[in-house]
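Enquirer: The structure's right below; bear with me while I get my questions together.
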Protein chains: 2
Amino acid sequence: MTYFRKNICAMAGYTPGEQPTGTDVVKLNTNENPYRCSPAVGEAVLATLERGLEKYPHPMAEPFRIRAAELLGVEPDWILAGNGSDDILTIATRAMVGEGDRLRLPYPSYILYRTLAEIQGAEWEEVHFDRDWSLPASFGTGDERLRLVFLPNPNSPSGTMIRPEQILALAERLPCPLLVDEAYADFAETNCMELVRQCDRVMVSRSLSKSYALAGLRFGYVVAQPPVIEQLAKVKDSYNCDALSIAAATAAIGDQAWLADNRRKILATRQRLTDGMTRLGFEVVPSQANFTWNTHPAQPVKPLFEELRRRNILIRYMDYPGWGDGLRVSVGTDEQIDRLLDELRKMV
Amino acid sequence: MTYFRKNICAMAGYTPGEQPTGTDVVKLNTNENPYRCSPAVGEAVLATLERGLEKYPHPMAEPFRIRAAELLGVEPDWILAGNGSDDILTIATRAMVGEGDRLRLPYPSYILYRTLAEIQGAEWEEVHFDRDWSLPASFGTGDERLRLVFLPNPNSPSGTMIRPEQILALAERLPCPLLVDEAYADFAETNCMELVRQCDRVMVSRSLSKSYALAGLRFGYVVAQPPVIEQLAKVKDSYNCDALSIAAATAAIGDQAWLADNRRKILATRQRLTDGMTRLGFEVVPSQANFTWNTHPAQPVKPLFEELRRRNILIRYMDYPGWGDGLRVSVGTDEQIDRLLDELRKMV
């Protein structure tokens, strides 16, 4: 259609992971949490309903910012809340990357970053991970056309991490900001939050979708130095977070005991999944996230994915041209993982 | 900051209307509905909480699309849901208006449209309303750099409307799409929904903030022909509406009896407000929205706004260079409007 920008017509659009409606499906394909969110979330939603929804919410999600700032040991003006961390990634891209500019991402990683560049009419550039999922030195170089670098850490589909000190070194060499996408950081041993203080080119985004079991709520945030937050805030929609989600998110991060308990369960099941897949002959990358990346040295994995699908077990088959394919399995409950392993045992 | 695009650094950002936290404030400044939303909304939110929030919501808000399509007499693929109709306006601008392109809006109207152009690095062009709030013929002309035209109808701050047949005539002469922003259309005598069928350049956006008393929820949508919706969908965030708001919005539009009752009350109070302000010597434009635009032939209005503010009554003072200033008053309850009129009576 000629009414649209050429770059929009040319692009395919991002296809999110499948969301089946059947209830008997074992859903291990989009890295959702298999458990319920903290009960504090429901209470906060009810209290907000009681107060009514007829007024606009706080434009900057102030109650959330205040609570998050306490937990992170920063001031509230270091935080910008978003309608999911996808909103944060969108805001950063719109604020920093214009037509003809360049955005960098590692490969294989989160394909949405490419879509964000395409919407801007910008170029994207993929720097391949080394075979051990470390990053080559070239990830930290660039000219003035490079305007933004995305680094998911832990990465998807690998579940691997780059150490914070390495990321700081990269950021200090880069000519532009580096957004560390920490959607999965609550499942990891470390994170990059401290780097934000040390380098004004580092932004760290977080999501409540995975670790807080709130994918349905759409809530994320970014931490950066206040002058950066101030510019990003100009680009967001005036009221980008709604009253129910602000209340729910504030309650969720307020229940750190729930998070710790949930994390403990997920990490135990992640080990069970890793051990089980290894016993079945898969090569499993040690994961710092709530999923594992599984390849097989001897047999094609796509037929396994398809057969599991027929048996109502949904995992993710991912094929990265120039890199190879594999199966990404979200960490479900022990029961879900055992069912997956039982079915796979009949196939491999 | 040099990390940001020049257009972002240069722009001021949009400042939304004031949201005071005190409970004794008569809040008539941001066109919120003074009544509660339909009770069906709370029930839908509770049922969604029961089912859990750990899974991603439907990427296209399908339950809402299906229900809205039934009500509007179109197919679901004519509808795109957004995180507030601001999200819809953002999506349309990003999809259609690139750097150096031009976006048109009438003046005086919704200043956010200018912000959306500025974020894109595009130009905006204001076409002045005639003194009777009709549009000059030049609103329907343009060259190939003009990529999108926004027309709020009813308009803010005037509350006036351009008739659908005139809008169709404008759209047919324009070289680009026309988005009719119908945030206030539920309070009007007519609307442009039928034009979408007649002309593929017409898009109509709606909001649940005002007429459904759900400003806190952030939910809006656009109706356009399916090939237009298909392109717009590429630009939205993957999951731009959350599970609670999809359920709430679907329930809200399902309760048309509540809407009719609410509308009847607002329209009656709008008449009371119009009559009262007229008796106090204001010139009040006949309104098709849930607010009125009030000027005074004999005295400056800014001091009235300031004095009302001191007395805990919040209305909107708006000053449009080259046009003049005035007071925009949202239609509250009868009691709120009577209190406003009582206070004003002491001042004019």
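A note on labels: chains of the structure tokens are A, B, ... as shown, every chain counts residues from 1, and ligands are counted from 1 in their shown order.
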Can you check which residues of region 143-226 of chain B DSSP gives as helix (DSSP H, G or I) on the backbone and send them as a list in words?

Expert: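 Answer for region 143-226 of chain B, restricted to helix (DSSP H, G or I): Pro164, Glu165, Gln166, Ile167, Leu168, Ala169, Leu170, Ala171, Glu172, Arg173, Ala185, Asp186, Phe187, Leu195, Val196, Arg197, Gln198 and Pro226 of chain B.
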
Enquirer: Could you list the residues in chain A lying within 6 Å of chain B, using only C-alpha atoms, and format the result as a list in words?

Expert: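 Close to chain B, chain A has Phe4, Arg5, Gly13, Glu32, Asn33, Leu53, Glu54, Lys55, Tyr56, Pro57, Ala95, Met96, Ala213, Leu214, Ala215, Gly216, Leu217, Arg218, Lys234, Asp242 and Ala243 of chain A.
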
Enquirer: Which parts of region 88-263 of chain A does DSSP call strand (DSSP E) when run on the backbone here, written out as a VMD selection string?

Expert: chain A and resid 102 to 107 123 to 128 146 to 152 178 to 181 202 to 207 220 to 223

Enquirer: Can you spit out the residues from that selection as a PDB file, in the first residue's frame, using C-alpha atoms?

Expert:
```
ATOM      1  CA  ARG A 102      22.529   1.513  12.453  1.00  0.00           C
ATOM      2  CA  LEU A 103      21.546  -0.730  15.356  1.00  0.00           C
ATOM      3  CA  ARG A 104      23.655  -3.680  16.475  1.00  0.00           C
ATOM      4  CA  LEU A 105      22.614  -6.974  17.997  1.00  0.00           C
ATOM      5  CA  PRO A 106      24.360 -10.273  18.574  1.00  0.00           C
ATOM      6  CA  TYR A 107      23.437 -13.374  16.584  1.00  0.00           C
ATOM      7  CA  GLU A 123      19.916  -0.724   9.339  1.00  0.00           C
ATOM      8  CA  TRP A 124      20.639  -3.575  11.672  1.00  0.00           C
ATOM      9  CA  GLU A 125      23.901  -5.377  11.961  1.00  0.00           C
ATOM     10  CA  GLU A 126      24.364  -8.763  13.540  1.00  0.00           C
ATOM     11  CA  VAL A 127      27.647  -9.695  15.175  1.00  0.00           C
ATOM     12  CA  HIS A 128      27.945 -13.470  15.507  1.00  0.00           C
ATOM     13  CA  LEU A 146      26.120   3.029  14.978  1.00  0.00           C
ATOM     14  CA  ARG A 147      23.546   4.546  17.342  1.00  0.00           C
ATOM     15  CA  LEU A 148      22.437   1.748  19.646  1.00  0.00           C
ATOM     16  CA  VAL A 149      23.545  -1.737  20.648  1.00  0.00           C
ATOM     17  CA  PHE A 150      21.232  -4.346  22.129  1.00  0.00           C
ATOM     18  CA  LEU A 151      22.653  -7.173  24.191  1.00  0.00           C
ATOM     19  CA  PRO A 152      20.287  -9.692  25.783  1.00  0.00           C
ATOM     20  CA  LEU A 178      24.433  -0.226  25.011  1.00  0.00           C
ATOM     21  CA  LEU A 179      21.109  -1.557  26.251  1.00  0.00           C
ATOM     22  CA  VAL A 180      21.556  -4.732  28.277  1.00  0.00           C
ATOM     23  CA  ASP A 181      18.249  -6.581  28.010  1.00  0.00           C
ATOM     24  CA  VAL A 202      24.807   1.573  29.753  1.00  0.00           C
ATOM     25  CA  MET A 203      21.051   1.057  30.085  1.00  0.00           C
ATOM     26  CA  VAL A 204      19.610  -2.047  31.734  1.00  0.00           C
ATOM     27  CA  SER A 205      16.065  -3.199  30.977  1.00  0.00           C
ATOM     28  CA  ARG A 206      14.039  -5.660  33.026  1.00  0.00           C
ATOM     29  CA  SER A 207      10.744  -7.448  32.519  1.00  0.00           C
ATOM     30  CA  GLY A 220       8.948  -3.713  32.232  1.00  0.00           C
ATOM     31  CA  TYR A 221      11.381  -0.933  33.005  1.00  0.00           C
ATOM     32  CA  VAL A 222      14.760   0.477  32.168  1.00  0.00           C
ATOM     33  CA  VAL A 223      17.415   1.799  34.531  1.00  0.00           C
TER      34      VAL A 223
END
```

Enquirer: Find the distance between CA of Ala185 (chain A) and CA of Leu308 (chain A) and write it in Å to one decimal.

Expert: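 Atom-to-atom, CA of Ala185 (chain A) and CA of Leu308 (chain A) are spaced 28.7 Å apart.
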
Enquirer: Using only C-alpha atoms, determine which residues lie at most 10 Å from Trp258 (chain B), disregarding the query and same-chain residues fewer than 5 positions distant; provide the list as an mmCIF file with N, CA and C atoms, in the first residue's frame.

Expert:
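To be explicit, this is the file written out as result-v7.cif:
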```cif
data_model
loop_
_atom_site.group_PDB
_atom_site.id
_atom_site.type_symbol
_atom_site.label_atom_id
_atom_site.label_comp_id
_atom_site.auth_asym_id
_atom_site.auth_seq_id
_atom_site.Cartn_x
_atom_site.Cartn_y
_atom_site.Cartn_z
ATOM 1 N N CYS B 37 -17.028 2.893 35.794
ATOM 2 C CA CYS B 37 -17.241 2.068 34.610
ATOM 3 C C CYS B 37 -18.299 1.005 34.893
ATOM 4 N N SER B 38 -18.714 0.310 33.867
ATOM 5 C CA SER B 38 -19.698 -0.772 34.010
ATOM 6 C C SER B 38 -19.211 -1.805 35.025
ATOM 7 N N PRO B 39 -20.119 -2.326 35.853
ATOM 8 C CA PRO B 39 -19.712 -3.394 36.785
ATOM 9 C C PRO B 39 -19.202 -4.642 36.069
ATOM 10 N N ALA B 40 -19.544 -4.789 34.799
ATOM 11 C CA ALA B 40 -19.040 -5.952 34.048
ATOM 12 C C ALA B 40 -17.516 -5.929 33.944
ATOM 13 N N TYR B 212 -16.460 5.281 28.271
ATOM 14 C CA TYR B 212 -16.575 4.061 29.078
ATOM 15 C C TYR B 212 -15.953 4.223 30.473
ATOM 16 N N ALA B 252 -16.541 -4.018 28.838
ATOM 17 C CA ALA B 252 -17.078 -2.651 28.806
ATOM 18 C C ALA B 252 -17.924 -2.417 27.558
ATOM 19 N N ILE B 253 -17.405 -2.792 26.402
ATOM 20 C CA ILE B 253 -18.186 -2.555 25.177
ATOM 21 C C ILE B 253 -19.366 -3.515 25.089
ATOM 22 N N ARG B 263 -24.066 8.129 29.030
ATOM 23 C CA ARG B 263 -24.124 9.182 28.008
ATOM 24 C C ARG B 263 -25.278 10.149 28.289
ATOM 25 N N ARG B 264 -26.428 9.597 28.628
ATOM 26 C CA ARG B 264 -27.605 10.414 28.909
ATOM 27 C C ARG B 264 -27.314 11.385 30.059
#
```

Enquirer: Which residues, written as a list in words, have at least one atom at most 9 Å from Ile167 (chain B), with only C-alpha atoms counted and residues fewer than 4 positions away on the same chain left out?

Expert: Gly140, Ile162, Arg163, Ala171, Glu172, Leu178, Val180, Cys192 and Leu195 of chain B

Enquirer: Skip Arg67 (chain B) itself and residues of its chain fewer than 2 positions away, then list as a list in words all residues within 9 Å of it, counting only C-alpha atoms.

Expert: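 Contacts, with the query itself left out: Glu62, Pro63, Phe64, Arg65, Ala69, Glu70, Leu71, Leu72, Pro76, Thr250, Ala251, Ile253 and Gly254 of chain B.
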
Enquirer: Store the residues of this selection in a file with N, CA, C and O atoms, as a PDB file, in the first residue's frame.

Expert:
```pdb
ATOM      1  N   GLU B  62      -7.699 -10.535  20.423  1.00  0.00           N
ATOM      2  CA  GLU B  62      -8.767 -11.139  19.620  1.00  0.00           C
ATOM      3  C   GLU B  62     -10.147 -11.115  20.282  1.00  0.00           C
ATOM      4  O   GLU B  62     -11.139 -10.798  19.620  1.00  0.00           O
ATOM      5  N   PRO B  63     -10.279 -11.413  21.582  1.00  0.00           N
ATOM      6  CA  PRO B  63     -11.635 -11.368  22.161  1.00  0.00           C
ATOM      7  C   PRO B  63     -12.278  -9.990  22.007  1.00  0.00           C
ATOM      8  O   PRO B  63     -13.471  -9.888  21.704  1.00  0.00           O
ATOM      9  N   PHE B  64     -11.485  -8.945  22.185  1.00  0.00           N
ATOM     10  CA  PHE B  64     -12.014  -7.595  21.999  1.00  0.00           C
ATOM     11  C   PHE B  64     -12.395  -7.357  20.547  1.00  0.00           C
ATOM     12  O   PHE B  64     -13.465  -6.816  20.249  1.00  0.00           O
ATOM     13  N   ARG B  65     -11.514  -7.750  19.633  1.00  0.00           N
ATOM     14  CA  ARG B  65     -11.800  -7.517  18.212  1.00  0.00           C
ATOM     15  C   ARG B  65     -13.108  -8.178  17.790  1.00  0.00           C
ATOM     16  O   ARG B  65     -13.891  -7.609  17.030  1.00  0.00           O
ATOM     17  N   ALA B  69     -16.204  -5.999  16.609  1.00  0.00           N
ATOM     18  CA  ALA B  69     -16.627  -6.195  15.217  1.00  0.00           C
ATOM     19  C   ALA B  69     -18.130  -6.434  15.143  1.00  0.00           C
ATOM     20  O   ALA B  69     -18.819  -5.893  14.272  1.00  0.00           O
ATOM     21  N   GLU B  70     -18.654  -7.229  16.080  1.00  0.00           N
ATOM     22  CA  GLU B  70     -20.107  -7.465  16.119  1.00  0.00           C
ATOM     23  C   GLU B  70     -20.852  -6.149  16.296  1.00  0.00           C
ATOM     24  O   GLU B  70     -21.841  -5.878  15.622  1.00  0.00           O
ATOM     25  N   LEU B  71     -20.370  -5.339  17.238  1.00  0.00           N
ATOM     26  CA  LEU B  71     -21.059  -4.078  17.532  1.00  0.00           C
ATOM     27  C   LEU B  71     -20.989  -3.096  16.370  1.00  0.00           C
ATOM     28  O   LEU B  71     -21.917  -2.321  16.135  1.00  0.00           O
ATOM     29  N   LEU B  72     -19.861  -3.116  15.650  1.00  0.00           N
ATOM     30  CA  LEU B  72     -19.662  -2.129  14.582  1.00  0.00           C
ATOM     31  C   LEU B  72     -20.128  -2.636  13.223  1.00  0.00           C
ATOM     32  O   LEU B  72     -20.155  -1.882  12.249  1.00  0.00           O
ATOM     33  N   PRO B  76     -13.569  -8.760  12.221  1.00  0.00           N
ATOM     34  CA  PRO B  76     -12.493  -8.444  13.175  1.00  0.00           C
ATOM     35  C   PRO B  76     -11.219  -7.903  12.523  1.00  0.00           C
ATOM     36  O   PRO B  76     -10.503  -7.112  13.143  1.00  0.00           O
ATOM     37  N   THR B 250     -13.334  -5.652  26.640  1.00  0.00           N
ATOM     38  CA  THR B 250     -14.346  -6.496  26.002  1.00  0.00           C
ATOM     39  C   THR B 250     -15.645  -6.456  26.803  1.00  0.00           C
ATOM     40  O   THR B 250     -16.741  -6.349  26.236  1.00  0.00           O
ATOM     41  N   ALA B 251     -15.516  -6.519  28.122  1.00  0.00           N
ATOM     42  CA  ALA B 251     -16.705  -6.434  28.979  1.00  0.00           C
ATOM     43  C   ALA B 251     -17.356  -5.056  28.880  1.00  0.00           C
ATOM     44  O   ALA B 251     -18.586  -4.936  28.841  1.00  0.00           O
ATOM     45  N   ILE B 253     -17.405  -2.792  26.402  1.00  0.00           N
ATOM     46  CA  ILE B 253     -18.186  -2.555  25.177  1.00  0.00           C
ATOM     47  C   ILE B 253     -19.366  -3.515  25.089  1.00  0.00           C
ATOM     48  O   ILE B 253     -20.318  -3.259  24.352  1.00  0.00           O
ATOM     49  N   GLY B 254     -19.312  -4.585  25.868  1.00  0.00           N
ATOM     50  CA  GLY B 254     -20.442  -5.509  25.899  1.00  0.00           C
ATOM     51  C   GLY B 254     -21.632  -4.971  26.688  1.00  0.00           C
ATOM     52  O   GLY B 254     -22.736  -5.514  26.609  1.00  0.00           O
TER      53      GLY B 254
END
```

Enquirer: Skipping near chain neighbours, those fewer than 5 positions away, what residues fall within 10 Å of Arg309 (chain A) using only C-alpha atoms, listed as a PyMOL selection string?

Expert: chain A and resi 25-27+303-304+314-316

Enquirer: Residues as selected, C-alpha atoms, written as a PDB file, in the first residue's frame, can you do that?

Expert:
```
ATOM      1  CA  VAL A  25      -1.169 -28.346  26.102  1.00  0.00           C
ATOM      2  CA  VAL A  26       2.174 -28.483  27.899  1.00  0.00           C
ATOM      3  CA  LYS A  27       3.376 -25.043  26.946  1.00  0.00           C
ATOM      4  CA  PRO A 303      11.087 -33.845  13.554  1.00  0.00           C
ATOM      5  CA  LEU A 304      11.266 -34.128  17.355  1.00  0.00           C
ATOM      6  CA  LEU A 314       4.871 -27.195  22.661  1.00  0.00           C
ATOM      7  CA  ILE A 315       8.539 -26.226  22.651  1.00  0.00           C
ATOM      8  CA  ARG A 316      10.394 -23.902  20.255  1.00  0.00           C
TER       9      ARG A 316
END
```

Enquirer: Give me the residues within 12 Å of Gly326 (chain A) as a PyMOL selection string, counting only C-alpha atoms and dropping any in the same chain fewer than 2 places off.

Expert: chain A and resi 108+156-158+282-285+292-297+299-305+315-321+323-324+328-329
